[in-house]
Amino acid sequence: MLKPPYPIETPRLLLRPFAPGDLDDLHSFRSLPEVTRYLYWEPHTREETRAVLEEKIGGSELRVEGRALSVAAESRESGALIGDLSLYWRSREHRQGEIGFVFHPGHQGRGLATEAAREILRLGFDGLGLHRIFGRCDARNTASARLMERLGMRREAHLVENELFKGEWGDELIYAMLRREWTESAPG
């Protein structure tokens, strides 16, 4: 079980549970075609974002395998919700997790997603006791691939045309990090 000590403070962000007041900010990026281009869902309507937000509000703790921890990334400077991070508990037996992240394009390119995702890795390894955390992205999503590389995750696989994605065959990249690699690379 993982119950993070919220808020988690980084130099530029507050990582916290999602709240009902996050609807406008969350919708501001979940509704953008450029955000959903490499994701499994299309741009959301406001009602779809509302339904997703309700689910995320219920995901502030990770109690059982097969579920996800949902964390909101809030800018300390503006107070706006700018990112949405997830830690999926994929296997209790094999101590496996999966990381996911979506950030507003207006806040990309400044290292904020890396700052936030590093804390999600810390929660997975130090808080949940995972042995391995992996992340996946469409092979064309170079920004996500670079982010996982900046986190110190290593590319384990390039799956060629492994799934039909939004009407065309797509390649997928898989990155991963082991607990010992985290321990060797984690700051402080």
# chains A, B, ... in the order shown; residues from 1 in each chain; ligands from 1
$ select_by_dssp --residues "chain A" --states "strand (DSSP E)" --output "ChimeraX atom specification"
/A:8-9,13-16,68-75,81-91,96-103,132-138,154-165,168-178
$ closest_residue --among "A:Phe125, A:Phe18, A:Trp169, A:Phe103" --to "Val35 (chain A)" --atoms "only C-alpha atoms"
A:Phe103
$ residues_around --residues "His27 (chain A)" --least-positions-apart "3" --cutoff "10 Å" --atoms "only C-alpha atoms" --output "number ranges by chain"
A: 22-24, 30-32, 43-50, 52-53, 104
$ write_last_selection --atoms "N, CA and C atoms" --output "short mmCIF file (atom, residue, chain, number, x, y, z; two decimals), in the first residue's frame"
data_model
loop_
_atom_site.label_atom_id
_atom_site.label_comp_id
_atom_site.auth_asym_id
_atom_site.auth_seq_id
_atom_site.Cartn_x
_atom_site.Cartn_y
_atom_site.Cartn_z
N ASP A 22 -10.01 21.19 -9.96
CA ASP A 22 -9.02 21.02 -11.02
C ASP A 22 -9.64 20.86 -12.41
N LEU A 23 -10.95 20.85 -12.50
CA LEU A 23 -11.60 20.55 -13.78
C LEU A 23 -11.14 21.47 -14.91
N ASP A 24 -11.16 22.77 -14.72
CA ASP A 24 -10.79 23.68 -15.81
C ASP A 24 -9.35 23.48 -16.26
N ARG A 30 -6.23 18.17 -21.53
CA ARG A 30 -6.78 16.89 -21.98
C ARG A 30 -7.66 17.06 -23.22
N SER A 31 -8.02 18.29 -23.53
CA SER A 31 -8.87 18.56 -24.69
C SER A 31 -8.08 18.91 -25.95
N LEU A 32 -6.76 18.94 -25.85
CA LEU A 32 -5.92 19.37 -26.98
C LEU A 32 -5.46 18.20 -27.85
N PRO A 43 -9.05 13.80 -27.88
CA PRO A 43 -9.30 14.98 -27.03
C PRO A 43 -10.64 14.83 -26.31
N HIS A 44 -10.64 15.19 -25.05
CA HIS A 44 -11.84 15.02 -24.23
C HIS A 44 -12.78 16.21 -24.30
N THR A 45 -14.05 15.88 -24.20
CA THR A 45 -15.05 16.92 -23.96
C THR A 45 -14.96 17.28 -22.48
N ARG A 46 -15.61 18.35 -22.10
CA ARG A 46 -15.61 18.73 -20.69
C ARG A 46 -16.22 17.63 -19.81
N GLU A 47 -17.27 16.99 -20.30
CA GLU A 47 -17.90 15.93 -19.51
C GLU A 47 -16.99 14.72 -19.39
N GLU A 48 -16.25 14.39 -20.44
CA GLU A 48 -15.29 13.29 -20.35
C GLU A 48 -14.18 13.63 -19.35
N THR A 49 -13.72 14.87 -19.38
CA THR A 49 -12.69 15.29 -18.41
C THR A 49 -13.25 15.23 -16.99
N ARG A 50 -14.50 15.62 -16.82
CA ARG A 50 -15.12 15.55 -15.48
C ARG A 50 -15.13 14.11 -14.97
N VAL A 52 -13.09 11.64 -15.87
CA VAL A 52 -11.70 11.26 -15.60
C VAL A 52 -11.26 11.87 -14.26
N LEU A 53 -11.62 13.13 -14.04
CA LEU A 53 -11.24 13.79 -12.79
C LEU A 53 -11.83 13.06 -11.58
N HIS A 104 0.69 19.87 -19.66
CA HIS A 104 0.18 20.93 -20.52
C HIS A 104 1.32 21.40 -21.44
#
$ closest_residue --among "A:Lys3, A:Tyr38, A:Asp126, A:Glu115" --to "Ser70 (chain A)" --atoms "only C-alpha atoms"
A:Lys3
$ residues_around --residues "Gly83 (chain A)" --least-positions-apart "3" --cutoff "6 Å" --atoms "only C-alpha atoms" --output "JSON, numbers by chain"
{"A": [72, 73, 102, 103]}
$ write_last_selection --atoms "N, CA and C atoms" --output "PDB file, in the first residue's frame"
ATOM      1  N   ALA A  72      -1.540  15.074  -9.118  1.00  0.00           N
ATOM      2  CA  ALA A  72      -1.622  16.345  -9.836  1.00  0.00           C
ATOM      3  C   ALA A  72      -0.324  17.116  -9.628  1.00  0.00           C
ATOM      4  N   ALA A  73       0.195  17.695 -10.709  1.00  0.00           N
ATOM      5  CA  ALA A  73       1.386  18.548 -10.620  1.00  0.00           C
ATOM      6  C   ALA A  73       0.924  19.994 -10.732  1.00  0.00           C
ATOM      7  N   VAL A 102       1.372  13.221 -18.312  1.00  0.00           N
ATOM      8  CA  VAL A 102       0.812  14.098 -19.340  1.00  0.00           C
ATOM      9  C   VAL A 102       0.926  15.517 -18.798  1.00  0.00           C
ATOM     10  N   PHE A 103       1.563  16.401 -19.565  1.00  0.00           N
ATOM     11  CA  PHE A 103       1.741  17.786 -19.137  1.00  0.00           C
ATOM     12  C   PHE A 103       1.161  18.758 -20.161  1.00  0.00           C
TER      13      PHE A 103
END
$ select_by_dssp --residues "region 37-127 of chain A" --states "helix (DSSP H, G or I)" --output "JSON, numbers by chain"
{"A": [46, 47, 48, 49, 50, 51, 52, 53, 54, 55, 56, 57, 105, 106, 107, 112, 113, 114, 115, 116, 117, 118, 119, 120, 121, 122, 123, 124, 125, 126, 127]}
$ residues_around --residues "Leu85 (chain A)" --least-positions-apart "6" --cutoff "6 Å" --atoms "only C-alpha atoms" --output "ChimeraX atom specification"
/A:70-71,100-101
$ atom_distance --atom1 "CA of Ser60 (chain A)" --atom2 "CA of Arg110 (chain A)"
26.0 Å
$ residues_around --residues "Leu62 (chain A)" --least-positions-apart "5" --cutoff "10 Å" --atoms "only C-alpha atoms" --output "list of chain:residue names"
A:Met1, A:Leu2, A:Lys3, A:Pro4, A:Arg67, A:Ala68, A:Leu69, A:Ser70, A:Leu87, A:Tyr88, A:Trp89, A:Leu128
$ write_last_selection --atoms "C-alpha atoms" --output "mmCIF file, in the first residue's frame"
data_model
loop_
_atom_site.group_PDB
_atom_site.id
_atom_site.type_symbol
_atom_site.label_atom_id
_atom_site.label_comp_id
_atom_site.auth_asym_id
_atom_site.auth_seq_id
_atom_site.Cartn_x
_atom_site.Cartn_y
_atom_site.Cartn_z
ATOM 1 C CA MET A 1 0.000 0.000 0.000
ATOM 2 C CA LEU A 2 1.145 3.536 -0.742
ATOM 3 C CA LYS A 3 -0.282 6.646 0.898
ATOM 4 C CA PRO A 4 1.994 9.533 -0.159
ATOM 5 C CA ARG A 67 -4.834 0.152 -9.712
ATOM 6 C CA ALA A 68 -3.136 3.496 -10.279
ATOM 7 C CA LEU A 69 -1.964 6.320 -8.072
ATOM 8 C CA SER A 70 -3.007 9.649 -9.639
ATOM 9 C CA LEU A 87 1.953 5.149 -11.028
ATOM 10 C CA TYR A 88 0.273 1.858 -11.927
ATOM 11 C CA TRP A 89 0.843 -1.125 -9.647
ATOM 12 C CA LEU A 128 5.754 0.975 -2.600
#
$ residues_around --residues "Ile120 (chain A)" --least-positions-apart "3" --cutoff "8 Å" --atoms "only C-alpha atoms" --output "list in words"
Leu85, Ser86, Leu87, Ile99, Ala116, Ala117, Leu123 and Gly124 of chain A
$ closest_atom_pairs --of "region 93-168 of chain A" --to "region 177-180 of chain A" --cutoff "12 Å" --atoms "only C-alpha atoms" --output "Markdown table"
| residue | atom | partner | partner_atom | distance |
| --- | --- | --- | --- | --- |
| A:His94 | CA | A:Leu178 | CA | 11.9 |
| A:Arg95 | CA | A:Arg179 | CA | 10.1 |
| A:Gln96 | CA | A:Leu178 | CA | 9.4 |
| A:Gly97 | CA | A:Met177 | CA | 10.1 |
| A:Glu98 | CA | A:Met177 | CA | 10.2 |
| A:Ile99 | CA | A:Met177 | CA | 10.6 |
| A:Arg118 | CA | A:Met177 | CA | 11.6 |
| A:Leu121 | CA | A:Met177 | CA | 9.0 |
| A:Arg122 | CA | A:Arg179 | CA | 9.6 |
| A:Leu123 | CA | A:Arg179 | CA | 11.5 |
| A:Gly124 | CA | A:Arg179 | CA | 9.2 |
| A:Phe125 | CA | A:Arg179 | CA | 6.1 |
| A:Asp126 | CA | A:Arg179 | CA | 8.7 |
| A:Gly127 | CA | A:Arg179 | CA | 11.6 |
| A:Leu128 | CA | A:Arg179 | CA | 11.1 |
| A:Gly129 | CA | A:Arg179 | CA | 8.4 |
| A:Leu130 | CA | A:Arg179 | CA | 6.9 |
| A:His131 | CA | A:Arg179 | CA | 5.0 |
| A:Arg132 | CA | A:Leu178 | CA | 4.4 |
| A:Ile133 | CA | A:Met177 | CA | 5.5 |
| A:Phe134 | CA | A:Met177 | CA | 6.4 |
| A:Gly135 | CA | A:Met177 | CA | 9.0 |
| A:Met148 | CA | A:Met177 | CA | 9.5 |
| A:Glu149 | CA | A:Met177 | CA | 10.1 |
| A:Arg150 | CA | A:Met177 | CA | 11.7 |
| A:Leu151 | CA | A:Met177 | CA | 8.9 |
| A:Gly152 | CA | A:Met177 | CA | 7.2 |
| A:Met153 | CA | A:Met177 | CA | 4.9 |
| A:Arg154 | CA | A:Met177 | CA | 6.4 |
| A:Arg155 | CA | A:Met177 | CA | 9.1 |
| A:Glu156 | CA | A:Met177 | CA | 9.5 |
$ write_last_selection --atoms "N, CA, C and O atoms" --output "CSV table (one decimal), in the first residue's frame"
chain,number,residue,atom,x,y,z
A,94,HIS,N,5.7,-9.7,-8.6
A,94,HIS,CA,7.0,-9.4,-9.3
A,94,HIS,C,7.4,-7.9,-9.0
A,94,HIS,O,8.4,-7.5,-9.5
A,95,ARG,N,6.7,-7.2,-8.1
A,95,ARG,CA,7.0,-5.9,-7.7
A,95,ARG,C,7.3,-4.9,-8.9
A,95,ARG,O,8.3,-4.3,-9.0
A,96,GLN,N,6.3,-4.9,-9.8
A,96,GLN,CA,6.4,-4.1,-11.0
A,96,GLN,C,5.4,-3.0,-11.0
A,96,GLN,O,4.3,-3.1,-10.6
A,97,GLY,N,5.9,-1.9,-11.5
A,97,GLY,CA,5.0,-0.7,-11.7
A,97,GLY,C,5.2,0.0,-13.0
A,97,GLY,O,6.2,-0.3,-13.7
A,98,GLU,N,4.3,0.8,-13.4
A,98,GLU,CA,4.4,1.6,-14.7
A,98,GLU,C,4.1,3.0,-14.4
A,98,GLU,O,3.2,3.4,-13.7
A,99,ILE,N,5.0,3.9,-15.0
A,99,ILE,CA,4.8,5.3,-14.8
A,99,ILE,C,4.1,5.9,-16.1
A,99,ILE,O,4.3,5.4,-17.2
A,118,ARG,N,10.4,12.2,-11.5
A,118,ARG,CA,11.4,11.7,-10.6
A,118,ARG,C,10.8,11.4,-9.2
A,118,ARG,O,11.1,10.4,-8.6
A,121,LEU,N,8.8,8.1,-9.5
A,121,LEU,CA,9.8,7.0,-9.4
A,121,LEU,C,10.2,6.7,-7.9
A,121,LEU,O,10.2,5.6,-7.4
A,122,ARG,N,10.4,7.8,-7.2
A,122,ARG,CA,10.8,7.7,-5.8
A,122,ARG,C,9.7,7.0,-5.0
A,122,ARG,O,9.9,6.1,-4.2
A,123,LEU,N,8.4,7.5,-5.3
A,123,LEU,CA,7.3,6.9,-4.6
A,123,LEU,C,7.2,5.4,-4.9
A,123,LEU,O,6.9,4.6,-4.0
A,124,GLY,N,7.4,5.0,-6.1
A,124,GLY,CA,7.3,3.6,-6.5
A,124,GLY,C,8.4,2.8,-5.9
A,124,GLY,O,8.1,1.7,-5.3
A,125,PHE,N,9.6,3.2,-5.9
A,125,PHE,CA,10.7,2.4,-5.3
A,125,PHE,C,10.8,2.5,-3.8
A,125,PHE,O,10.8,1.5,-3.2
A,126,ASP,N,10.8,3.7,-3.3
A,126,ASP,CA,10.9,3.9,-1.8
A,126,ASP,C,9.6,3.7,-1.1
A,126,ASP,O,9.6,3.3,0.1
A,127,GLY,N,8.5,4.1,-1.7
A,127,GLY,CA,7.2,4.1,-1.0
A,127,GLY,C,6.5,2.7,-1.1
A,127,GLY,O,6.0,2.2,-0.1
A,128,LEU,N,6.5,2.2,-2.3
A,128,LEU,CA,5.8,1.0,-2.6
A,128,LEU,C,6.7,-0.2,-2.6
A,128,LEU,O,6.2,-1.4,-2.6
A,129,GLY,N,8.0,0.0,-2.7
A,129,GLY,CA,8.9,-1.1,-2.6
A,129,GLY,C,9.0,-1.9,-3.9
A,129,GLY,O,9.3,-3.1,-3.9
A,130,LEU,N,8.8,-1.2,-5.1
A,130,LEU,CA,8.9,-1.9,-6.3
A,130,LEU,C,10.3,-2.3,-6.7
A,130,LEU,O,11.2,-1.6,-6.3
A,131,HIS,N,10.4,-3.3,-7.5
A,131,HIS,CA,11.7,-3.8,-8.0
A,131,HIS,C,12.0,-3.1,-9.4
A,131,HIS,O,13.2,-2.9,-9.7
A,132,ARG,N,11.0,-2.9,-10.2
A,132,ARG,CA,11.1,-2.4,-11.5
A,132,ARG,C,9.9,-1.5,-11.9
A,132,ARG,O,8.8,-1.9,-11.6
A,133,ILE,N,10.3,-0.4,-12.5
A,133,ILE,CA,9.2,0.5,-13.0
A,133,ILE,C,9.5,0.7,-14.5
A,133,ILE,O,10.7,1.0,-14.9
A,134,PHE,N,8.5,0.6,-15.3
A,134,PHE,CA,8.7,0.8,-16.7
A,134,PHE,C,7.7,1.9,-17.2
A,134,PHE,O,6.8,2.3,-16.5
A,135,GLY,N,8.0,2.4,-18.4
A,135,GLY,CA,7.2,3.3,-19.1
A,135,GLY,C,7.1,3.0,-20.5
A,135,GLY,O,8.1,2.4,-21.1
A,148,MET,N,12.0,9.9,-20.4
A,148,MET,CA,12.4,8.7,-19.6
A,148,MET,C,13.9,8.5,-19.6
A,148,MET,O,14.5,8.0,-18.6
A,149,GLU,N,14.6,8.9,-20.7
A,149,GLU,CA,16.0,8.8,-20.7
A,149,GLU,C,16.7,9.7,-19.7
A,149,GLU,O,17.6,9.4,-19.0
A,150,ARG,N,16.1,11.0,-19.6
A,150,ARG,CA,16.6,11.9,-18.6
A,150,ARG,C,16.4,11.4,-17.1
A,150,ARG,O,17.2,11.7,-16.2
A,151,LEU,N,15.4,10.6,-16.9
A,151,LEU,CA,15.1,10.0,-15.6
A,151,LEU,C,16.1,8.9,-15.3
A,151,LEU,O,16.2,8.4,-14.2
A,152,GLY,N,16.9,8.4,-16.3
A,152,GLY,CA,17.8,7.4,-16.1
A,152,GLY,C,17.3,6.0,-16.5
A,152,GLY,O,17.9,5.0,-16.2
A,153,MET,N,16.1,6.0,-17.1
A,153,MET,CA,15.5,4.7,-17.5
A,153,MET,C,16.2,4.3,-18.8
A,153,MET,O,16.6,5.1,-19.6
A,154,ARG,N,16.3,3.0,-18.9
A,154,ARG,CA,17.0,2.5,-20.1
A,154,ARG,C,16.0,1.9,-21.1
A,154,ARG,O,15.0,1.4,-20.7
A,155,ARG,N,16.2,2.1,-22.4
A,155,ARG,CA,15.3,1.5,-23.4
A,155,ARG,C,15.5,0.0,-23.5
A,155,ARG,O,16.6,-0.4,-23.7
A,156,GLU,N,14.5,-0.7,-23.2
A,156,GLU,CA,14.5,-2.2,-23.2
A,156,GLU,C,14.0,-2.8,-24.5
A,156,GLU,O,14.4,-3.9,-24.9
$ atom_distance --atom1 "CA of Pro105 (chain A)" --atom2 "CA of Phe29 (chain A)"
7.4 Å
